[in-house]
Every structure is written in C-alpha cells, then in structure tokens.
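Encoded as structure tokens, the structure appears first; notes follow it.
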Amino acid sequence: MATGGERTHFGYQSVPLEDKQGRVDDVFHSVARRYDLMNDLMSGGLHRAWKDALVTAVNPPKSDRNFHVLDLAGGTGDVAFRIIDAGGHGVRATVCDINADMLQVGRERAAARGLDGVVTFEQGNAEELAYPDCSFDCVTIAFGIRNVPRIERALDEAYRVLKIGGRFLCLEFSSVDVPGIDALYELYSFQVIPRVGEVVTGDRDAYQYLVESIRKFPRPKEFARMIEAAGFRRASFRPMTGGVVALHSGWRL
Ligand SMILES: C[S@@+](CC[C@H](N)C(=O)[O-])C[C@H]1O[C@@H](n2cnc3c(N)ncnc32)[C@H](O)[C@@H]1O
C-alpha cells in the first residue's frame with residue numbers, strides 16, 4: 001500500500017494512484033469466467049451493436065491485404081473476433097490485456113473458433129506496450145480505457161505503436177444527457193446492475209465499481225481533447241444509445 005503521493009479514483013473511492021491497477025485486476029480476475037454473459041445481461045445485448053459500430057469504423061479490408069489490429073484491454077477477445085469475422089484473409093488481431101484470466105478465456109474462445117494464429121493473446125499493460133513504434137494499422141480499445149490508471153500514458157502508447165495513417169478507435173461508456181432517460185439509466189445502473197452482478201458472478205462489488213467508474217470517466221468532449229493531446233488528429237466522437245456509450249476516433253497523420 002503506497003502512502004502519500006498522487007491519488008486517483010477507483011469507482012467513487014479515492015485511492016493512491018499506485019493501488020488502482022491491482023484493484024482493477026482483482027475485479028477482472030473475479031468476473032473473467034462470467035464476463036461475456038454479464039455483458040449480454042447488463043446491456044440487453046446492446047454491447048454487440050456498439051462493438052459492431054466499432055468494427056464498421058475499423059473497416060478491415062475484405063481482401064488478402066495485410067492489416068494488423070491491436071485490441072488493447074481486449075479481455076476475452078470479443079472485439080478481435082468481430083474484426084476478424086468482418087475482414088478478409090490478411091486481417092490479424094493481437095489482443096493485449098493485463099489480466100491473465102481474461103486472456104485465458106479469450107484463448108479458449110479462439111481455439112473453439114479455429115482462430116489460433118489469427119488472433120493472438122498477449123499479456124501487457126496499456127500504459128507501457130512492448131511493441132515497436134509504428135507496428136499496427138489500427139488500435140482499438142473497448143470499455144477498457146476507464147480502467148487504466150494513467151489514461152494519458154495509454155493514449156501516448158496507442159499513438160506510438162500505430163502506423164502513420166492508422167486510426168485509433170475507442171469505445172467507452174459516456175454520459176447520458178437526455179432528460180428522463182438519465183434518471184432511468186441512473187436507477188438501472190445503481191439498483192439493478194450490482195444485484196445482477198452479484199447473482200451471476202457472486203461479486204457485487206465488481207459491478208458497483210463498474211457503474212461508479214463510468215460516472216468518473218471524463219465527459220466525451222474532454223476525452224476527445226485528451227486524445228488530441230496524445231498527438232492524434234481529427235479527433236471526433238459519436239454518442240450512441242442516447243450517450244450511454246461513445247465511439248471516439250483519432251488518426252495518426
Ligand atoms: C470491461 S473489460 C473490456 C474487455 C473487452 N475489451 C470487451 O469489450 O469485451 C476491461 C479490460 O481492461 C483490462 N485492463 C485494465 N487495465 C489494463 C491495463 N492497464 N492494460 C491493459 N488492460 C487493462 C482488464 O483486464 C479487462 O480485461
């Protein structure tokens with residue numbers, strides 16, 4: 001346990017910056033085996049449509065042209081599988097995640113789909129990537145960035161490993177501003193999700209963290225500025241489902 005120094009949020013709790021990653025890791029160790037099921041239950045299947053919008057923006061070539069995507073905080077491989085399904089034979093994906101349990105579920109899913117060698121799973125911290133500069137045609141991150149303690153470092157790293165002309169795409173929960181819907185969303189988030197999480201995964205706290213971390217994430221305009229500050233150009237975002245999530249984009253030009 002660190003003393004003094006910089007602090008950050010773990011959900012609504014203020015914690016030493018150095019402690020956040022360990023607590024996030026505990027959350028995903030605990031829920032890894034039920035993670036995909038919970039995504040369907042919590043979002044009523046909507047996460048599939050949000051991820052499909054991300055894949056459409058990735059626009060993987062349908063031809064045999066080589067196209068290598070890095071899916072950061074890629075967990076159990078959901079986004080990577082969708083990108084592979086949408087593209088041609090030249091498309092490959094590397095899933096990089098800090099959590100060995102999430103990656104293990106992903107490797108098993110890849111093997112069941114016959115995708116060994118097309119989707120590879122590598123353990124790594126988004127804040128400090130082991131890949132050389134300019135290695136990937138596209139870098140994606142879905143519902144991952146708000147879990148990373150030093151978001152600016154992860155954005156800098158995404159920029160560094162992206163090829164010139166490549167696109168960064170980030171799907172993340174955002175802020176619901178539609179009157180009426182915002183109150184319902186609040187109620188659903190805080191009254192329903194932690195209870196469903198408790199029943200399905202046995203870990204209520206993990207899902208309490210999830211909903212709190214969404215509220216603590218920067219609003220989309222501010223996050224777009226952070227993307228620009230990392231060097232990306234033409235930063236833009238598209239709110240979806242009344243602002244429940246936003247798809248952020250930036251180019252390395
Ligand atoms: C909500 S899950 C998202 C998984 C996947 N992208 C999806 O959409 O299904 C968040 C993931 O972020 C990962 N993560 C958290 N901190 C990370 C870090 N510093 N570097 C890489 N991955 C991290 C967690 O291990 C977890 O798998």
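By order in the structure tokens, chains are A, B, ...; within a chain, residues start at 1; ligands start at 1, following the order shown.
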>> For A:Ala230, find every residue with an atom within 8 Å (counting only C-alpha atoms), except residues of its own chain fewer than 5 positions away, and show them as a count of residues only.
In response: 4
>> What residues of the protein or nucleic acid chains come within 9 Å of ligand 1 when you use only C-alpha atoms and all ligand atoms? Reply as number ranges by chain.
In response: A: 21-22, 24-29, 32, 35-36, 39, 47, 51, 71-80, 95-103, 123-129, 140-151, 154, 171-172, 210
Prev. selection, C-alpha atoms, output as a PDB file, in the first residue's frame:
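What follows is the written file again_15.pdb:
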ATOM      1  CA  GLN A  21      -4.293  -1.281 -11.145  1.00  0.00           C
ATOM      2  CA  GLY A  22      -4.183  -4.020  -8.501  1.00  0.00           C
ATOM      3  CA  VAL A  24      -8.903  -3.313 -11.212  1.00  0.00           C
ATOM      4  CA  ASP A  25      -7.053  -6.615 -11.716  1.00  0.00           C
ATOM      5  CA  ASP A  26      -8.955  -8.157  -8.769  1.00  0.00           C
ATOM      6  CA  VAL A  27     -12.264  -7.127 -10.383  1.00  0.00           C
ATOM      7  CA  PHE A  28     -11.476  -8.872 -13.682  1.00  0.00           C
ATOM      8  CA  HIS A  29      -9.875 -11.962 -12.078  1.00  0.00           C
ATOM      9  CA  ALA A  32     -13.479 -13.416 -16.047  1.00  0.00           C
ATOM     10  CA  TYR A  35     -17.677 -11.659 -18.121  1.00  0.00           C
ATOM     11  CA  ASP A  36     -19.237 -12.276 -21.562  1.00  0.00           C
ATOM     12  CA  ASN A  39     -22.166  -8.117 -20.865  1.00  0.00           C
ATOM     13  CA  HIS A  47     -22.929  -4.239 -26.425  1.00  0.00           C
ATOM     14  CA  LYS A  51     -18.986  -3.285 -30.874  1.00  0.00           C
ATOM     15  CA  ASP A  71      -7.029  -4.533 -29.459  1.00  0.00           C
ATOM     16  CA  LEU A  72      -5.944  -3.017 -26.154  1.00  0.00           C
ATOM     17  CA  ALA A  73      -7.568  -4.194 -22.927  1.00  0.00           C
ATOM     18  CA  GLY A  74      -9.105  -6.737 -25.259  1.00  0.00           C
ATOM     19  CA  GLY A  75     -10.040  -9.167 -22.484  1.00  0.00           C
ATOM     20  CA  THR A  76     -11.803 -12.264 -23.804  1.00  0.00           C
ATOM     21  CA  GLY A  77     -11.307 -11.289 -27.452  1.00  0.00           C
ATOM     22  CA  ASP A  78     -14.842 -10.215 -28.321  1.00  0.00           C
ATOM     23  CA  VAL A  79     -13.838  -7.199 -30.419  1.00  0.00           C
ATOM     24  CA  ALA A  80     -10.938  -9.021 -32.075  1.00  0.00           C
ATOM     25  CA  VAL A  95      -5.332  -8.844 -28.055  1.00  0.00           C
ATOM     26  CA  CYS A  96      -3.290  -7.183 -25.322  1.00  0.00           C
ATOM     27  CA  ASP A  97      -4.654  -7.257 -21.782  1.00  0.00           C
ATOM     28  CA  ILE A  98      -3.101  -7.029 -18.336  1.00  0.00           C
ATOM     29  CA  ASN A  99      -5.251  -9.811 -16.904  1.00  0.00           C
ATOM     30  CA  ALA A 100      -4.175 -13.439 -17.384  1.00  0.00           C
ATOM     31  CA  ASP A 101      -7.630 -14.821 -16.518  1.00  0.00           C
ATOM     32  CA  MET A 102      -9.433 -12.722 -19.141  1.00  0.00           C
ATOM     33  CA  LEU A 103      -6.790 -13.727 -21.722  1.00  0.00           C
ATOM     34  CA  GLN A 123      -0.334 -10.059 -21.553  1.00  0.00           C
ATOM     35  CA  GLY A 124       0.676  -6.416 -21.279  1.00  0.00           C
ATOM     36  CA  ASN A 125      -0.045  -3.076 -19.692  1.00  0.00           C
ATOM     37  CA  ALA A 126      -1.645  -0.479 -21.988  1.00  0.00           C
ATOM     38  CA  GLU A 127       0.476   2.164 -20.235  1.00  0.00           C
ATOM     39  CA  GLU A 128       3.720   0.515 -21.319  1.00  0.00           C
ATOM     40  CA  LEU A 129       3.428  -1.522 -24.504  1.00  0.00           C
ATOM     41  CA  THR A 140      -8.812  -0.331 -30.728  1.00  0.00           C
ATOM     42  CA  ILE A 141      -9.878  -0.302 -27.099  1.00  0.00           C
ATOM     43  CA  ALA A 142     -13.409  -1.131 -25.954  1.00  0.00           C
ATOM     44  CA  PHE A 143     -14.624  -0.461 -22.425  1.00  0.00           C
ATOM     45  CA  GLY A 144     -11.015  -0.636 -21.296  1.00  0.00           C
ATOM     46  CA  ILE A 145      -9.578   2.865 -21.070  1.00  0.00           C
ATOM     47  CA  ARG A 146     -11.508   3.923 -17.959  1.00  0.00           C
ATOM     48  CA  ASN A 147      -9.902   1.048 -16.058  1.00  0.00           C
ATOM     49  CA  VAL A 148      -6.368   2.181 -16.864  1.00  0.00           C
ATOM     50  CA  PRO A 149      -4.887   4.301 -14.048  1.00  0.00           C
ATOM     51  CA  ARG A 150      -2.818   6.630 -16.246  1.00  0.00           C
ATOM     52  CA  ILE A 151      -5.065   7.219 -19.263  1.00  0.00           C
ATOM     53  CA  ALA A 154      -2.125   4.606 -22.598  1.00  0.00           C
ATOM     54  CA  LEU A 171     -15.477   2.648 -27.402  1.00  0.00           C
ATOM     55  CA  GLU A 172     -16.344   3.698 -23.874  1.00  0.00           C
ATOM     56  CA  LEU A 210     -18.151  -0.780 -12.943  1.00  0.00           C
TER      57      LEU A 210
END
>> Under the rule that only C-alpha atoms are counted, which of A:Gly250, A:Arg160, A:Gly243, A:Glu198 is the nearest residue to A:Ile181?
In response: A:Gly243
> What are the DSSP alpha helix (DSSP H) residues of stretch 81-210 of chain A, as a count of residues only?
Replying inline: 53
>> To test your reading of the structure, identify every residue in stretch 7-253 of chain A that backbone DSSP assigns to strand (DSSP E), and report it as a PyMOL selection string.
In response: chain A and resi 7-10+13-16+67-72+91-97+119-123+136-142+162-173+233-240+245-251
Next, write the just-selected residues to a file, as a PDB file, in the first residue's frame, keeping C-alpha atoms as the atom set.
ATOM      1  CA  ARG A   7      -4.298   9.846  -5.932  1.00  0.00           C
ATOM      2  CA  THR A   8      -6.937   8.685  -8.355  1.00  0.00           C
ATOM      3  CA  HIS A   9     -10.397   7.140  -8.370  1.00  0.00           C
ATOM      4  CA  PHE A  10     -11.290   3.503  -8.101  1.00  0.00           C
ATOM      5  CA  GLN A  13     -13.204   5.760  -3.815  1.00  0.00           C
ATOM      6  CA  SER A  14     -10.101   7.908  -3.763  1.00  0.00           C
ATOM      7  CA  VAL A  15      -7.055   5.594  -3.823  1.00  0.00           C
ATOM      8  CA  PRO A  16      -3.286   6.060  -4.261  1.00  0.00           C
ATOM      9  CA  PHE A  67      -3.916  -5.481 -41.818  1.00  0.00           C
ATOM     10  CA  HIS A  68      -2.870  -5.883 -38.200  1.00  0.00           C
ATOM     11  CA  VAL A  69      -5.092  -4.592 -35.403  1.00  0.00           C
ATOM     12  CA  LEU A  70      -4.048  -4.171 -31.792  1.00  0.00           C
ATOM     13  CA  ASP A  71      -7.029  -4.533 -29.459  1.00  0.00           C
ATOM     14  CA  LEU A  72      -5.944  -3.017 -26.154  1.00  0.00           C
ATOM     15  CA  VAL A  91      -6.510  -9.420 -41.220  1.00  0.00           C
ATOM     16  CA  ARG A  92      -4.841 -10.391 -37.923  1.00  0.00           C
ATOM     17  CA  ALA A  93      -5.507  -9.188 -34.403  1.00  0.00           C
ATOM     18  CA  THR A  94      -3.376  -9.010 -31.293  1.00  0.00           C
ATOM     19  CA  VAL A  95      -5.332  -8.844 -28.055  1.00  0.00           C
ATOM     20  CA  CYS A  96      -3.290  -7.183 -25.322  1.00  0.00           C
ATOM     21  CA  ASP A  97      -4.654  -7.257 -21.782  1.00  0.00           C
ATOM     22  CA  VAL A 119      -5.955 -13.765 -33.072  1.00  0.00           C
ATOM     23  CA  THR A 120      -3.096 -13.833 -30.577  1.00  0.00           C
ATOM     24  CA  PHE A 121      -3.416 -13.049 -26.872  1.00  0.00           C
ATOM     25  CA  GLU A 122      -0.573 -11.278 -25.115  1.00  0.00           C
ATOM     26  CA  GLN A 123      -0.334 -10.059 -21.553  1.00  0.00           C
ATOM     27  CA  PHE A 136      -0.171  -1.635 -36.182  1.00  0.00           C
ATOM     28  CA  ASP A 137      -2.610  -0.494 -38.860  1.00  0.00           C
ATOM     29  CA  CYS A 138      -5.306   0.181 -36.275  1.00  0.00           C
ATOM     30  CA  VAL A 139      -5.505   0.313 -32.472  1.00  0.00           C
ATOM     31  CA  THR A 140      -8.812  -0.331 -30.728  1.00  0.00           C
ATOM     32  CA  ILE A 141      -9.878  -0.302 -27.099  1.00  0.00           C
ATOM     33  CA  ALA A 142     -13.409  -1.131 -25.954  1.00  0.00           C
ATOM     34  CA  LEU A 162       0.153   2.985 -34.564  1.00  0.00           C
ATOM     35  CA  LYS A 163       1.483   3.312 -38.127  1.00  0.00           C
ATOM     36  CA  ILE A 164       1.328   6.740 -39.784  1.00  0.00           C
ATOM     37  CA  GLY A 165      -2.100   6.887 -41.452  1.00  0.00           C
ATOM     38  CA  GLY A 166      -3.549   4.467 -38.883  1.00  0.00           C
ATOM     39  CA  ARG A 167      -6.672   5.027 -36.839  1.00  0.00           C
ATOM     40  CA  PHE A 168      -7.277   4.825 -33.102  1.00  0.00           C
ATOM     41  CA  LEU A 169     -10.809   3.854 -32.064  1.00  0.00           C
ATOM     42  CA  CYS A 170     -12.059   3.817 -28.525  1.00  0.00           C
ATOM     43  CA  LEU A 171     -15.477   2.648 -27.402  1.00  0.00           C
ATOM     44  CA  GLU A 172     -16.344   3.698 -23.874  1.00  0.00           C
ATOM     45  CA  PHE A 173     -19.295   4.380 -21.636  1.00  0.00           C
ATOM     46  CA  ARG A 233      -5.529  14.359 -35.450  1.00  0.00           C
ATOM     47  CA  ARG A 234      -9.139  14.804 -36.489  1.00  0.00           C
ATOM     48  CA  ALA A 235     -10.336  13.608 -33.095  1.00  0.00           C
ATOM     49  CA  SER A 236     -14.087  13.059 -33.095  1.00  0.00           C
ATOM     50  CA  PHE A 237     -16.711  11.109 -31.227  1.00  0.00           C
ATOM     51  CA  ARG A 238     -20.143   9.709 -31.888  1.00  0.00           C
ATOM     52  CA  PRO A 239     -22.579   9.202 -28.992  1.00  0.00           C
ATOM     53  CA  MET A 240     -24.747   6.080 -29.261  1.00  0.00           C
ATOM     54  CA  VAL A 245     -21.602   4.931 -24.927  1.00  0.00           C
ATOM     55  CA  ALA A 246     -19.461   6.983 -27.308  1.00  0.00           C
ATOM     56  CA  LEU A 247     -17.206   5.872 -30.126  1.00  0.00           C
ATOM     57  CA  HIS A 248     -14.077   8.043 -30.169  1.00  0.00           C
ATOM     58  CA  SER A 249     -11.731   8.263 -33.119  1.00  0.00           C
ATOM     59  CA  GLY A 250      -8.348   9.812 -33.860  1.00  0.00           C
ATOM     60  CA  TRP A 251      -5.823   9.437 -36.660  1.00  0.00           C
TER      61      TRP A 251
END
> So how many Å separate atom CA of A:Thr56 and atom CA of A:Val118, to one decimal?
Replying inline: 19.2 Å
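The environment of A:Tyr12 within 8 Å, counting only C-alpha atoms and disregarding residues fewer than 4 places along the same chain, consists of Tyr209, Glu212, Ser213 and Lys216 of chain A.
Nearest to A:Asp205 of all the residues A:Val31, A:Leu115, A:Ile83, A:Leu54 is A:Val31, based on only C-alpha atoms.
In this model, the gap between atom CA of A:Asp52 and atom CA of A:Arg82 comes to 7.3 Å.
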>> So that I can check the surroundings of A:Val161, please list as a list of chain:residue names every protein, DNA and RNA residue that reaches within 7 Å of it, counting only C-alpha atoms and ignoring chain neighbours fewer than 4 positions away.
In response: A:Tyr131, A:Pro132, A:Asp133, A:Cys134, A:Ser135, A:Phe136, A:Glu157
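Distances to A:Val105 were evaluated for A:Arg219, A:Arg34, A:Ala224, A:Asp64 using only C-alpha atoms, and the minimum falls at A:Arg34.
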